[in-house]
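Visitor: Next comes input39.cif, mmCIF, C-alpha atoms:
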```cif
data_entry
loop_
_atom_site.label_atom_id
_atom_site.label_comp_id
_atom_site.auth_asym_id
_atom_site.auth_seq_id
_atom_site.Cartn_x
_atom_site.Cartn_y
_atom_site.Cartn_z
CA MET A 1 0.00 0.00 0.00
CA SER A 2 2.80 2.46 0.73
CA ILE A 3 4.16 2.17 -2.81
CA GLY A 4 0.75 3.18 -4.14
CA VAL A 5 0.68 6.20 -1.87
CA MET A 6 4.16 7.16 -3.04
CA PHE A 7 3.09 6.90 -6.69
CA ALA A 8 0.02 9.03 -5.96
CA LEU A 9 2.17 11.67 -4.27
CA ALA A 10 4.64 11.56 -7.17
CA GLY A 11 1.74 12.11 -9.57
CA LEU A 12 0.58 15.10 -7.57
CA ALA A 13 4.13 16.45 -7.57
CA ALA A 14 4.25 16.09 -11.36
CA ALA A 15 0.95 17.97 -11.62
CA ALA A 16 2.31 20.69 -9.32
CA LEU A 17 5.41 20.97 -11.51
CA VAL A 18 3.25 21.33 -14.63
CA LEU A 19 1.16 23.98 -12.85
CA LEU A 20 4.34 25.86 -11.93
CA ILE A 21 5.57 25.76 -15.54
CA VAL A 22 2.18 27.00 -16.79
CA ALA A 23 2.22 29.82 -14.22
CA ILE A 24 5.68 30.89 -15.34
CA GLY A 25 4.54 30.81 -18.98
CA VAL A 26 1.47 32.93 -18.20
CA THR A 27 3.66 35.38 -16.28
CA VAL A 28 5.99 35.76 -19.26
CA TRP A 29 3.05 36.10 -21.66
CA LEU A 30 1.41 38.79 -19.52
CA ARG A 31 4.68 40.66 -19.25
CA ARG A 32 5.27 40.61 -23.02
CA SER A 33 1.70 41.57 -23.96
CA ARG A 34 1.34 44.23 -21.27
CA GLU A 35 1.34 47.25 -23.60
CA GLN A 36 -1.06 45.65 -26.08
CA ARG A 37 -3.49 44.64 -23.34
CA ARG A 38 -3.30 48.12 -21.82
CA ALA A 39 -4.05 49.71 -25.23
CA GLU A 40 -7.09 47.44 -25.61
CA GLY A 41 -8.31 48.39 -22.15
CA LYS A 42 -8.12 44.86 -20.77
CA THR A 43 -7.34 44.23 -17.12
CA ASN A 44 -5.19 41.47 -15.68
CA VAL A 45 -7.19 40.90 -12.49
CA GLY A 46 -8.32 37.37 -13.40
CA TRP A 47 -4.86 36.38 -14.55
CA ILE A 48 -3.26 37.78 -11.42
CA ALA A 49 -5.69 35.83 -9.23
CA PHE A 50 -4.89 32.67 -11.20
CA LEU A 51 -1.15 33.26 -10.86
CA ILE A 52 -1.31 33.84 -7.10
CA ILE A 53 -3.26 30.62 -6.59
CA ALA A 54 -1.07 28.66 -9.02
CA TYR A 55 2.21 29.78 -7.46
CA LEU A 56 1.00 29.16 -3.91
CA LEU A 57 -0.35 25.69 -4.68
CA SER A 58 2.54 24.47 -6.80
CA ILE A 59 5.42 25.81 -4.73
CA SER A 60 3.97 24.71 -1.39
CA TYR A 61 3.24 21.18 -2.64
CA LEU A 62 6.63 20.83 -4.32
CA ALA A 63 8.33 21.91 -1.07
CA PHE A 64 6.24 19.34 0.83
CA PHE A 65 7.15 16.62 -1.67
CA ILE A 66 10.87 17.43 -1.51
CA LEU A 67 10.78 17.32 2.31
CA LEU A 68 8.90 14.01 2.10
CA LEU A 69 11.56 12.56 -0.21
CA VAL A 70 14.37 13.75 2.05
CA SER A 71 12.60 12.17 5.00
CA ALA A 72 12.05 8.90 3.12
CA PHE A 73 15.64 8.54 1.96
CA THR A 74 17.39 9.67 5.13
CA GLY A 75 15.04 7.96 7.57
CA GLU A 76 14.88 11.09 9.72
CA SER A 77 12.00 13.42 10.30
CA VAL A 78 12.39 16.72 8.49
CA THR A 79 10.93 19.79 10.16
CA VAL A 80 10.76 23.36 8.97
CA GLY A 81 11.18 26.24 11.36
#
```
Once more with this new file: its structure as structure tokens, please.
Guide:
Amino acid sequence: MSIGVMFALAGLAAAALVLLIVAIGVTVWLRRSREQRRAEGKTNVGWIAFLIIAYLLSISYLAFFILLLVSAFTGESVTVG
């Protein structure tokens, strides 16, 4: 059963990594199209909300997964703070 849980957590980590890559791509796209969007009168409020949520979810889960891997391979409990 523990191997299944590890595969599930690895899958979630892969999804978090994809979300982080998408968030970085959207950030770059918004930065490059800033003047055009401003000329068209469009706002970035929805995109900014998406980016805040995406960065918080992906980075926090990836940090959790890395700490989990360190704990699994060293056999010691890893604490933050």
Visitor: Go through A:Val5, A:Ala23, A:Val18, A:Gly11 one by one, measure the shortest atom-to-atom distance of each to Ala49 (chain A) using only C-alpha atoms, and give the residue with the smallest value.
Guide: A:Ala23
Visitor: Which protein, DNA or RNA residues have an atom at most 7 Å from (5.1, 17.9, -4.4), counting all atoms listed in the file? List them as number ranges by chain.
Guide: A: 9-10, 12-13, 16, 61-66
Visitor: Between A:Leu68, A:Ile59, A:Met6, A:Leu51, which has the minimum distance to Val28 (chain A) (counting all atoms listed in the file)?
Guide: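 Once distances to Val28 (chain A) are computed over all atoms listed in the file, the minimum belongs to A:Leu51.
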Visitor: For CA of Ile53 (chain A) and CA of Leu17 (chain A), quote the distance in Å rounded to one decimal.
Guide: 13.9 Å
Visitor: Between CA of Leu19 (chain A) and CA of Phe73 (chain A), what is the spacing in Å?
Guide: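 Those two atoms sit 25.8 Å apart.
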Visitor: Please determine, counting only C-alpha atoms, which residue among A:Val70, A:Glu40, A:Ser2, A:Phe50 has the shortest atom-to-atom distance to Val26 (chain A).
Guide: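 So, comparing all the options, the nearest one is A:Phe50.
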Visitor: Compare A:Trp47, A:Gly75, A:Leu67, A:Ser60 by their minimum atom-to-atom distance to Ile24 (chain A), counting all atoms listed in the file, and give me the closest one.
Guide: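 The closest residue to Ile24 (chain A) is A:Trp47.
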Visitor: Of the candidates A:Ile48, A:Ile3, A:Leu30, A:Leu57, which one gets nearest to Ala15 (chain A) if we count only C-alpha atoms?
Guide: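 Nearest candidate to Ala15 (chain A) out of A:Ile48, A:Ile3, A:Leu30, A:Leu57: A:Leu57.
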Visitor: What is the CA of Ile21 (chain A) to CA of Ser33 (chain A) distance in Å?
Guide: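 For CA of Ile21 (chain A) relative to CA of Ser33 (chain A), the distance reads 18.3 Å.
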Visitor: For region 67-74 of chain A, I'd like the enclosing box, axis-aligned and padded by 8 Å on every side, reported as lines of an AutoDock Vina configuration file with centre and edge lengths in Å to one decimal.
Guide:
```
center_x = 13.1
center_y = 12.9
center_z = 2.5
size_x = 24.5
size_y = 24.8
size_z = 21.3
```
Visitor: Place N, CA, C and O atoms on region 24-36 of chain A and deliver the coordinates as a JSON list (two decimals), in the frame of the given file.
Guide:
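And here is the file that came out, result-v3.json:
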```json
[["chain", "number", "residue", "atom", "x", "y", "z"],
["A", 24, "ILE", "N", 4.54, 30.12, -14.84],
["A", 24, "ILE", "CA", 5.68, 30.89, -15.34],
["A", 24, "ILE", "C", 5.43, 31.33, -16.77],
["A", 24, "ILE", "O", 5.71, 32.47, -17.15],
["A", 25, "GLY", "N", 4.87, 30.44, -17.60],
["A", 25, "GLY", "CA", 4.54, 30.81, -18.98],
["A", 25, "GLY", "C", 3.52, 31.93, -19.05],
["A", 25, "GLY", "O", 3.66, 32.85, -19.87],
["A", 26, "VAL", "N", 2.49, 31.87, -18.22],
["A", 26, "VAL", "CA", 1.47, 32.93, -18.20],
["A", 26, "VAL", "C", 2.08, 34.24, -17.73],
["A", 26, "VAL", "O", 1.77, 35.31, -18.26],
["A", 27, "THR", "N", 2.98, 34.17, -16.76],
["A", 27, "THR", "CA", 3.66, 35.38, -16.28],
["A", 27, "THR", "C", 4.45, 36.04, -17.40],
["A", 27, "THR", "O", 4.38, 37.25, -17.61],
["A", 28, "VAL", "N", 5.20, 35.23, -18.14],
["A", 28, "VAL", "CA", 5.99, 35.76, -19.26],
["A", 28, "VAL", "C", 5.08, 36.34, -20.33],
["A", 28, "VAL", "O", 5.32, 37.43, -20.87],
["A", 29, "TRP", "N", 3.99, 35.62, -20.64],
["A", 29, "TRP", "CA", 3.05, 36.10, -21.66],
["A", 29, "TRP", "C", 2.41, 37.43, -21.25],
["A", 29, "TRP", "O", 2.30, 38.35, -22.06],
["A", 30, "LEU", "N", 2.00, 37.54, -19.99],
["A", 30, "LEU", "CA", 1.41, 38.79, -19.52],
["A", 30, "LEU", "C", 2.41, 39.94, -19.57],
["A", 30, "LEU", "O", 2.07, 41.07, -19.89],
["A", 31, "ARG", "N", 3.63, 39.63, -19.24],
["A", 31, "ARG", "CA", 4.68, 40.66, -19.25],
["A", 31, "ARG", "C", 4.93, 41.16, -20.67],
["A", 31, "ARG", "O", 5.07, 42.35, -20.91],
["A", 32, "ARG", "N", 4.98, 40.23, -21.63],
["A", 32, "ARG", "CA", 5.27, 40.61, -23.02],
["A", 32, "ARG", "C", 4.10, 41.31, -23.69],
["A", 32, "ARG", "O", 4.31, 42.14, -24.57],
["A", 33, "SER", "N", 2.87, 40.97, -23.32],
["A", 33, "SER", "CA", 1.70, 41.57, -23.96],
["A", 33, "SER", "C", 1.09, 42.70, -23.13],
["A", 33, "SER", "O", -0.04, 43.10, -23.37],
["A", 34, "ARG", "N", 1.85, 43.21, -22.19],
["A", 34, "ARG", "CA", 1.34, 44.23, -21.27],
["A", 34, "ARG", "C", 0.87, 45.48, -22.00],
["A", 34, "ARG", "O", -0.23, 45.97, -21.78],
["A", 35, "GLU", "N", 1.69, 46.01, -22.90],
["A", 35, "GLU", "CA", 1.34, 47.25, -23.60],
["A", 35, "GLU", "C", 0.13, 47.05, -24.51],
["A", 35, "GLU", "O", -0.74, 47.92, -24.58],
["A", 36, "GLN", "N", 0.08, 45.93, -25.20],
["A", 36, "GLN", "CA", -1.06, 45.65, -26.08],
["A", 36, "GLN", "C", -2.35, 45.52, -25.28],
["A", 36, "GLN", "O", -3.39, 46.06, -25.67]]
```
